[in-house]
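Enquirer: Here's a structure for you.
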Amino acid sequence: MISLDDFYKVMCAMVPLYFAMFVAYGSVKWWKIFSPQQCAGINRFVAVFAVPVLSFHFISKNNPYQMDTKFILADTLSKVIVLMLLTIWVIFSNGGLDWMITIFSVATLPNTLVMGIPLLRAMYGEFTESLMVQVVVLQCIIWYTLLLFLFEYRAATLLIKEQFPGTTAASISKFEIDGDVISLDGRDPLRTESEVDTNGRIRVRIRRSTSSAPDSALSSKAVTPRPSNISGAEIFSVHTPGPPHDLHHISGCDLAFGNSDLNFGYRPTSPRLSGYASSDAYSLQPTPRASNFNELDLNFGTTTNTPIWVRSPVAGRVFRQSSPALSGVKMVLQSPGKYQDGSGGQRQVGKGVGEKEMSFRSTPKAPATEEDDTQLEDDTNQEMPRAFVMLRLILTMVGRKLSRNPNTYSSILGLLWSLISFKWNVGMPSLIDKSIKIISDAGLGMAMFSLGLFMALQPRMIVCGAKMATMGMVIRFLFGPILMSAASVAVGLRRVRLHAAIVQAALPQGIVPFVFAREYGLHPDILSTGVIFGMLVSLPVTLLYYILLGV
């Protein structure tokens, strides 16, 4: 039976954290102390310094040679069971990869570092801190990496389906990714360039922007796209050598170009732009990303080979033409991915991820044809590159993404130091130890403060609607603990450790899964509700589990 003294100790551990969260919430919502830009700066400190240093502090103090094997096995088994059940659901019920990723995130990845350590320590004693740190290590090194792998795999399949529909993708033998491409999450404007060898194998190069185009000497200015006065299209020039040419005769129906050297090698693949920095893997606030495009202008002359970018106002697709003169050859887009040149031939054109069907003509949509049915069948029978090609692409992107995450380094360094420290009984020098401690001491409070700022900046607490929020809370606070209890009993956990495992599974939604969901555009409203509303209901829910388990 839980005594009043036990209950008071739990409240003493949790109320200060919630106090920091509600002070931050009031500072933005009621008292207007912080602007959104200032909130972003505070959150940047938390993401880059407070949380990584806090992770290093806990991990480096934990003895890796005294891991609780059963507790770790129970936590791992519960996550594996969820993955297996979701995989079966996807295979036999056509559930889809999207919901598999979201449900796995909600069911298995709680906020262990910020909420779990102080709560479990107050409930069951100091030994649970070591258990929670072990869970944090596995989350950071294994489960968050797996989650990122799933997100990048989803992003890669979307890119391939849009750019190489039907059976074309099966011929891809290699992906080459420019060094400035950090992720396929769609937050940067990516382009693909493909080459076919004599054996029919396709080599695809993925670029981040026009700045890496091979035949363009671009300026170093920031992008300033200026809309054209031409009906039905926007035209940009990468160079600005002369006054505007005679363009007034061009309408939204037909486009005329100066020569037939139509270079359509570059395919826009990521129109889903955002103001969030993808490298900020623990950020909850918007961090505007500086553009890497160069100066674009409408001024182009008739004597310079100026790359022209023609953008459809409907779909945002960008086509590239190497000649500055816009006369001589007529081009009409007939269907997604194809165009007709002056000689009547057709060449394949890419279509950006998430884009709608685009046409330069403003005529009514024609009835469905046999060609449309064939295209629909190609989408249904989509093929993918070989497993090794896909695996190499995804591992490359995951590695680049992790390399931009400060918590990756803090977790690995903390684990390495703990291995050295407890192996040879080496203590950390006081200068370094106290320098780390002064930031880590503020880490928990600042993390909760950042959560409060995030809550205050949202238009409402429940973003995804009452039905989805209810389902998410049931999965988070009921389905997750039930699976954890089953896995814990299966591996032989008993008494206090069993109780700690169940309560740990009932913690609120982790922050990192929400950040990934927002970056990749996959159900961020559900994960946002899990973070915000879950923080509010987690205290009574975990207290209820604590009381029931103590009866």
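Residue names in the structure tokens use chain letters A, B, ... in the order shown, residue numbers from 1 in each chain, and ligand numbers from 1 in the order shown.
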Would you list the contacts of segment 199-210 of chain A as a ChimeraX atom specification, taking every protein, DNA or RNA residue within 7 Å and counting only C-alpha atoms, but skipping same-chain residues closer than 3 positions in sequence?

Expert: /A:171-178,180-181,188-196,213,292-293

Enquirer: Let's have the selection written as a short mmCIF file (atom, residue, chain, number, x, y, z; two decimals), in the first residue's frame, with C-alpha atoms.

Expert:
data_model
loop_
_atom_site.label_atom_id
_atom_site.label_comp_id
_atom_site.auth_asym_id
_atom_site.auth_seq_id
_atom_site.Cartn_x
_atom_site.Cartn_y
_atom_site.Cartn_z
CA SER A 171 16.88 -0.67 -63.24
CA ILE A 172 18.48 1.75 -60.77
CA SER A 173 21.94 0.44 -59.91
CA LYS A 174 23.36 3.31 -57.89
CA PHE A 175 22.41 6.48 -56.04
CA GLU A 176 24.92 9.31 -55.77
CA ILE A 177 24.04 11.92 -53.16
CA ASP A 178 25.66 15.35 -53.10
CA ASP A 180 24.95 19.01 -49.00
CA VAL A 181 21.95 16.63 -49.05
CA ASP A 188 15.08 20.95 -48.87
CA PRO A 189 14.42 21.46 -52.61
CA LEU A 190 16.03 18.31 -54.05
CA ARG A 191 16.56 17.43 -57.71
CA THR A 192 17.46 14.16 -59.38
CA GLU A 193 19.65 13.59 -62.43
CA SER A 194 19.65 10.17 -64.05
CA GLU A 195 21.98 8.50 -66.56
CA VAL A 196 21.41 5.21 -68.39
CA ALA A 213 24.23 22.07 -61.18
CA ASN A 292 21.05 27.77 -50.50
CA PHE A 293 19.66 29.00 -53.78
#

Enquirer: Find the residues around Gln509 of chain A up to 6 Å (only C-alpha atoms counted), leave out those fewer than 3 positions away in its own chain, and share them as an mmCIF file with N, CA, C and O atoms, in the first residue's frame.

Expert:
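Printed below is selection38.cif as written:
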data_model
loop_
_atom_site.group_PDB
_atom_site.id
_atom_site.type_symbol
_atom_site.label_atom_id
_atom_site.label_comp_id
_atom_site.auth_asym_id
_atom_site.auth_seq_id
_atom_site.Cartn_x
_atom_site.Cartn_y
_atom_site.Cartn_z
ATOM 1 N N PRO A 110 8.710 6.455 -24.931
ATOM 2 C CA PRO A 110 8.301 7.477 -23.971
ATOM 3 C C PRO A 110 9.419 8.464 -23.680
ATOM 4 O O PRO A 110 10.555 8.307 -24.123
ATOM 5 N N ASN A 111 9.076 9.477 -22.900
ATOM 6 C CA ASN A 111 10.027 10.521 -22.507
ATOM 7 C C ASN A 111 10.784 10.061 -21.263
ATOM 8 O O ASN A 111 10.547 10.536 -20.152
ATOM 9 N N GLY A 530 0.367 14.024 -28.542
ATOM 10 C CA GLY A 530 0.942 13.100 -27.576
ATOM 11 C C GLY A 530 1.925 13.777 -26.637
ATOM 12 O O GLY A 530 1.995 13.449 -25.450
ATOM 13 N N VAL A 531 2.703 14.728 -27.164
ATOM 14 C CA VAL A 531 3.668 15.452 -26.326
ATOM 15 C C VAL A 531 2.950 16.409 -25.387
ATOM 16 O O VAL A 531 3.212 16.434 -24.175
#

Enquirer: Which residue out of A:Leu77, A:Leu498, A:Ala486, A:Leu527 has the minimum interatomic distance to Gly465 of chain A when only C-alpha atoms are used?

Expert: A:Leu527

Enquirer: If we count only C-alpha atoms, what is near Asn381 of chain A at a cut-off of 9 Å, once residues fewer than 6 positions away on the same chain are taken out, given as a ChimeraX atom specification?

Expert: /A:165-167

Enquirer: Using the selection just defined, write its residues with all heavy atoms as a compact mmCIF listing (two decimals), in the first residue's frame.

Expert:
# COMPACT_ATOMS: atom_id res chain seq x y z
N PRO A 165 8.30 5.88 -61.81
CA PRO A 165 7.11 5.06 -61.61
C PRO A 165 7.17 3.75 -62.39
O PRO A 165 7.95 3.59 -63.33
CB PRO A 165 5.99 5.96 -62.12
CG PRO A 165 6.65 6.85 -63.12
CD PRO A 165 8.04 7.09 -62.61
N GLY A 166 6.34 2.81 -61.96
CA GLY A 166 6.25 1.53 -62.66
C GLY A 166 7.48 0.68 -62.47
O GLY A 166 8.00 0.53 -61.36
N THR A 167 7.98 0.13 -63.57
CA THR A 167 9.11 -0.80 -63.51
C THR A 167 10.45 -0.12 -63.71
O THR A 167 11.49 -0.78 -63.69
CB THR A 167 8.94 -1.89 -64.58
OG1 THR A 167 8.90 -1.27 -65.87
CG2 THR A 167 7.65 -2.68 -64.36

Enquirer: Which polymer residues have any atom within 8 Å of an atom of Ala506 of chain A, counting only C-alpha atoms, with same-chain residues fewer than 6 positions away left out, as a list in words?

Expert: Pro110, Arg476, Phe477, Leu478, Gly480, Pro481, Ser538, Val541 and Thr542 of chain A

Enquirer: Atoms to include: all heavy atoms. Write the selected residues as a tab-separated table (two decimals), in the first residue's frame.

Expert:
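The resulting out27.tsv:
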chain	number	residue	atom	x	y	z
A	110	PRO	N	8.71	6.46	-24.93
A	110	PRO	CA	8.30	7.48	-23.97
A	110	PRO	C	9.42	8.46	-23.68
A	110	PRO	O	10.56	8.31	-24.12
A	110	PRO	CB	7.96	6.67	-22.72
A	110	PRO	CG	8.88	5.48	-22.80
A	110	PRO	CD	9.02	5.17	-24.27
A	476	ARG	N	-0.72	4.96	-25.93
A	476	ARG	CA	0.40	5.41	-25.12
A	476	ARG	C	0.30	4.93	-23.67
A	476	ARG	O	1.29	4.41	-23.11
A	476	ARG	CB	0.45	6.94	-25.15
A	476	ARG	CG	1.41	7.64	-24.22
A	476	ARG	CD	2.85	7.46	-24.59
A	476	ARG	NE	3.44	6.33	-23.90
A	476	ARG	CZ	4.46	5.63	-24.32
A	476	ARG	NH1	5.01	5.90	-25.46
A	476	ARG	NH2	4.93	4.62	-23.64
A	477	PHE	N	-0.85	5.09	-23.04
A	477	PHE	CA	-0.97	4.86	-21.60
A	477	PHE	C	-1.63	3.54	-21.22
A	477	PHE	O	-1.64	3.19	-20.04
A	477	PHE	CB	-1.75	6.01	-20.94
A	477	PHE	CG	-1.05	7.33	-21.03
A	477	PHE	CD1	-1.59	8.37	-21.77
A	477	PHE	CD2	0.16	7.55	-20.40
A	477	PHE	CE1	-0.94	9.60	-21.86
A	477	PHE	CE2	0.82	8.76	-20.48
A	477	PHE	CZ	0.27	9.78	-21.22
A	478	LEU	N	-2.15	2.80	-22.20
A	478	LEU	CA	-2.77	1.51	-21.88
A	478	LEU	C	-2.13	0.37	-22.66
A	478	LEU	O	-1.65	-0.61	-22.07
A	478	LEU	CB	-4.27	1.57	-22.19
A	478	LEU	CG	-5.08	0.33	-21.78
A	478	LEU	CD1	-5.00	0.11	-20.27
A	478	LEU	CD2	-6.54	0.47	-22.22
A	480	GLY	N	0.73	0.34	-24.43
A	480	GLY	CA	2.16	0.24	-24.15
A	480	GLY	C	2.48	-0.45	-22.84
A	480	GLY	O	3.27	-1.41	-22.79
A	481	PRO	N	1.88	0.00	-21.71
A	481	PRO	CA	2.14	-0.66	-20.43
A	481	PRO	C	1.71	-2.13	-20.40
A	481	PRO	O	2.37	-2.96	-19.76
A	481	PRO	CB	1.32	0.17	-19.44
A	481	PRO	CG	1.25	1.53	-20.06
A	481	PRO	CD	1.16	1.28	-21.53
A	538	SER	N	-0.09	12.67	-17.93
A	538	SER	CA	0.84	11.61	-17.52
A	538	SER	C	1.00	11.53	-16.01
A	538	SER	O	1.13	10.44	-15.46
A	538	SER	CB	2.21	11.84	-18.17
A	538	SER	OG	2.80	13.04	-17.70
A	541	VAL	N	-1.92	9.67	-14.54
A	541	VAL	CA	-1.91	8.29	-15.03
A	541	VAL	C	-0.81	7.49	-14.36
A	541	VAL	O	-1.04	6.35	-13.89
A	541	VAL	CB	-1.74	8.26	-16.57
A	541	VAL	CG1	-1.43	6.85	-17.06
A	541	VAL	CG2	-2.99	8.79	-17.25
A	542	THR	N	0.40	8.02	-14.29
A	542	THR	CA	1.50	7.30	-13.66
A	542	THR	C	1.26	7.14	-12.15
A	542	THR	O	1.61	6.10	-11.57
A	542	THR	CB	2.84	8.02	-13.89
A	542	THR	OG1	2.71	9.41	-13.53
A	542	THR	CG2	3.26	7.91	-15.34

Enquirer: Residues near segment 81-88 of chain A, anyone? I mean within 9 Å using only C-alpha atoms, not counting same-chain ones fewer than 2 positions away, as a CSV table (one decimal) with all heavy atoms, in the first residue's frame.

Expert:
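Output below, filename out_18.csv:
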chain,number,residue,atom,x,y,z
A,76,THR,N,13.4,-4.4,-24.6
A,76,THR,CA,13.6,-4.7,-26.0
A,76,THR,C,12.5,-5.6,-26.6
A,76,THR,O,12.0,-5.4,-27.7
A,76,THR,CB,15.0,-5.4,-26.1
A,76,THR,OG1,16.0,-4.5,-25.6
A,76,THR,CG2,15.3,-5.7,-27.6
A,77,LEU,N,12.1,-6.6,-25.8
A,77,LEU,CA,11.1,-7.6,-26.2
A,77,LEU,C,9.8,-6.9,-26.5
A,77,LEU,O,9.1,-7.2,-27.5
A,77,LEU,CB,11.0,-8.7,-25.2
A,77,LEU,CG,9.9,-9.8,-25.5
A,77,LEU,CD1,10.3,-10.5,-26.8
A,77,LEU,CD2,9.8,-10.8,-24.4
A,78,SER,N,9.4,-5.9,-25.6
A,78,SER,CA,8.1,-5.2,-25.8
A,78,SER,C,8.1,-4.5,-27.1
A,78,SER,O,7.1,-4.5,-27.9
A,78,SER,CB,7.9,-4.3,-24.6
A,78,SER,OG,8.8,-3.2,-24.6
A,79,LYS,N,9.3,-3.8,-27.5
A,79,LYS,CA,9.4,-3.1,-28.7
A,79,LYS,C,9.4,-4.0,-29.9
A,79,LYS,O,8.8,-3.7,-31.0
A,79,LYS,CB,10.6,-2.2,-28.7
A,79,LYS,CG,10.5,-1.1,-27.7
A,79,LYS,CD,11.8,-0.3,-27.7
A,79,LYS,CE,11.7,1.0,-26.9
A,79,LYS,NZ,11.4,0.7,-25.5
A,90,VAL,N,0.5,-4.7,-41.4
A,90,VAL,CA,0.8,-4.1,-42.7
A,90,VAL,C,0.7,-5.1,-43.8
A,90,VAL,O,0.1,-4.8,-44.9
A,90,VAL,CB,2.2,-3.4,-42.6
A,90,VAL,CG1,2.6,-3.0,-44.0
A,90,VAL,CG2,2.2,-2.2,-41.7
A,91,ILE,N,1.2,-6.3,-43.6
A,91,ILE,CA,1.3,-7.3,-44.6
A,91,ILE,C,-0.1,-7.9,-45.0
A,91,ILE,O,-0.5,-8.0,-46.1
A,91,ILE,CB,2.2,-8.5,-44.2
A,91,ILE,CG1,3.7,-8.0,-44.2
A,91,ILE,CG2,2.1,-9.6,-45.2
A,91,ILE,CD1,4.6,-9.0,-43.6
A,92,PHE,N,-0.9,-8.2,-43.9
A,92,PHE,CA,-2.2,-8.9,-44.1
A,92,PHE,C,-3.4,-8.0,-44.1
A,92,PHE,O,-4.4,-8.4,-44.6
A,92,PHE,CB,-2.3,-10.0,-43.1
A,92,PHE,CG,-1.3,-11.1,-43.2
A,92,PHE,CD1,-0.3,-11.1,-42.3
A,92,PHE,CD2,-1.5,-12.1,-44.1
A,92,PHE,CE1,0.7,-12.2,-42.4
A,92,PHE,CE2,-0.5,-13.1,-44.2
A,92,PHE,CZ,0.5,-13.1,-43.3
A,93,SER,N,-3.3,-6.8,-43.6
A,93,SER,CA,-4.4,-5.9,-43.6
A,93,SER,C,-4.2,-4.6,-44.4
A,93,SER,O,-5.0,-3.7,-44.3
A,93,SER,CB,-4.7,-5.5,-42.1
A,93,SER,OG,-5.0,-6.7,-41.4
A,95,GLY,N,-2.2,-2.2,-43.9
A,95,GLY,CA,-2.2,-1.1,-42.9
A,95,GLY,C,-1.3,0.1,-43.4
A,95,GLY,O,-1.7,1.3,-43.2
A,97,LEU,N,2.9,1.6,-44.3
A,97,LEU,CA,4.1,1.9,-43.5
A,97,LEU,C,3.9,3.2,-42.7
A,97,LEU,O,4.5,3.3,-41.6
A,97,LEU,CB,5.3,2.1,-44.5
A,97,LEU,CG,6.6,2.5,-43.9
A,97,LEU,CD1,7.1,1.4,-43.0
A,97,LEU,CD2,7.6,2.8,-45.0
A,99,TRP,N,1.3,4.4,-40.9
A,99,TRP,CA,0.7,4.1,-39.6
A,99,TRP,C,1.6,3.2,-38.8
A,99,TRP,O,1.5,3.2,-37.6
A,99,TRP,CB,-0.7,3.6,-39.8
A,99,TRP,CG,-1.7,4.6,-40.1
A,99,TRP,CD1,-2.3,4.8,-41.3
A,99,TRP,CD2,-2.1,5.7,-39.3
A,99,TRP,NE1,-3.1,5.9,-41.3
A,99,TRP,CE2,-3.1,6.4,-40.0
A,99,TRP,CE3,-1.9,6.0,-38.0
A,99,TRP,CZ2,-3.7,7.6,-39.5
A,99,TRP,CZ3,-2.5,7.1,-37.4
A,99,TRP,CH2,-3.4,7.9,-38.2
A,100,MET,N,2.3,2.3,-39.4
A,100,MET,CA,3.2,1.5,-38.7
A,100,MET,C,4.3,2.3,-37.9
A,100,MET,O,4.5,2.1,-36.7
A,100,MET,CB,3.9,0.5,-39.6
A,100,MET,CG,5.0,-0.3,-39.0
A,100,MET,SD,5.9,-1.4,-40.2
A,100,MET,CE,7.1,-2.1,-39.2
A,101,ILE,N,4.8,3.3,-38.6
A,101,ILE,CA,5.8,4.2,-38.0
A,101,ILE,C,5.2,5.0,-36.8
A,101,ILE,O,5.7,5.1,-35.7
A,101,ILE,CB,6.5,5.1,-39.0
A,101,ILE,CG1,7.2,4.3,-40.0
A,101,ILE,CG2,7.4,6.1,-38.3
A,101,ILE,CD1,7.7,5.1,-41.2
A,103,ILE,N,2.4,4.4,-35.0
A,103,ILE,CA,1.9,3.6,-33.9
A,103,ILE,C,3.1,3.1,-33.1
A,103,ILE,O,3.1,3.1,-31.9
A,103,ILE,CB,1.0,2.5,-34.4
A,103,ILE,CG1,-0.3,3.0,-35.0
A,103,ILE,CG2,0.7,1.5,-33.2
A,103,ILE,CD1,-1.2,2.0,-35.6
A,104,PHE,N,4.2,2.7,-33.8
A,104,PHE,CA,5.4,2.3,-33.1
A,104,PHE,C,5.9,3.4,-32.2
A,104,PHE,O,6.3,3.2,-31.1
A,104,PHE,CB,6.4,1.8,-34.1
A,104,PHE,CG,7.7,1.4,-33.5
A,104,PHE,CD1,7.9,0.2,-32.8
A,104,PHE,CD2,8.8,2.3,-33.5
A,104,PHE,CE1,9.1,-0.1,-32.2
A,104,PHE,CE2,10.0,1.9,-33.0
A,104,PHE,CZ,10.2,0.7,-32.3
A,107,ALA,N,3.5,4.0,-29.2
A,107,ALA,CA,3.4,2.8,-28.2
A,107,ALA,C,4.7,2.5,-27.5
A,107,ALA,O,4.6,2.0,-26.3
A,107,ALA,CB,3.0,1.6,-29.0
A,108,THR,N,5.9,2.8,-28.0
A,108,THR,CA,7.1,2.3,-27.4
A,108,THR,C,8.2,3.3,-27.0
A,108,THR,O,9.2,2.9,-26.4
A,108,THR,CB,7.7,1.3,-28.4
A,108,THR,OG1,8.1,2.0,-29.6
A,108,THR,CG2,6.8,0.2,-28.8
A,480,GLY,N,0.7,0.3,-24.4
A,480,GLY,CA,2.2,0.2,-24.2
A,480,GLY,C,2.5,-0.4,-22.8
A,480,GLY,O,3.3,-1.4,-22.8
A,483,LEU,N,1.7,-4.3,-22.9
A,483,LEU,CA,2.7,-5.1,-23.6
A,483,LEU,C,4.0,-5.2,-22.8
A,483,LEU,O,4.7,-6.2,-22.8
A,483,LEU,CB,3.0,-4.5,-25.0
A,483,LEU,CG,2.1,-4.8,-26.1
A,483,LEU,CD1,2.5,-4.1,-27.4
A,483,LEU,CD2,2.0,-6.3,-26.4
A,487,ALA,N,5.8,-8.6,-21.5
A,487,ALA,CA,7.2,-8.9,-21.8
A,487,ALA,C,8.0,-9.0,-20.5
A,487,ALA,O,8.9,-9.9,-20.5
A,487,ALA,CB,7.8,-7.8,-22.7

Enquirer: As a PyMOL selection string, please: the residues near Ala456 of chain A (cut-off 8 Å, only C-alpha atoms, same-chain neighbours under 6 positions excluded).

Expert: chain A and resi 24-26+28-29

Enquirer: Separation of atom CA of Ser130 of chain A and atom CA of Asn63 of chain A, in Å?

Expert: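 Calculated distance between atom CA of Ser130 of chain A and atom CA of Asn63 of chain A is 8.0 Å.
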
Enquirer: As an exercise, work out the distance from atom CA of Val537 of chain A to atom CA of Leu453 of chain A in Å and give it to one decimal place.

Expert: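 Calculated distance between atom CA of Val537 of chain A and atom CA of Leu453 of chain A is 17.8 Å.
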
Enquirer: Could you pull out the helix (DSSP H, G or I) residues of segment 409-531 of chain A, going by DSSP on the backbone, and write them as a count of residues only?

Expert: 99
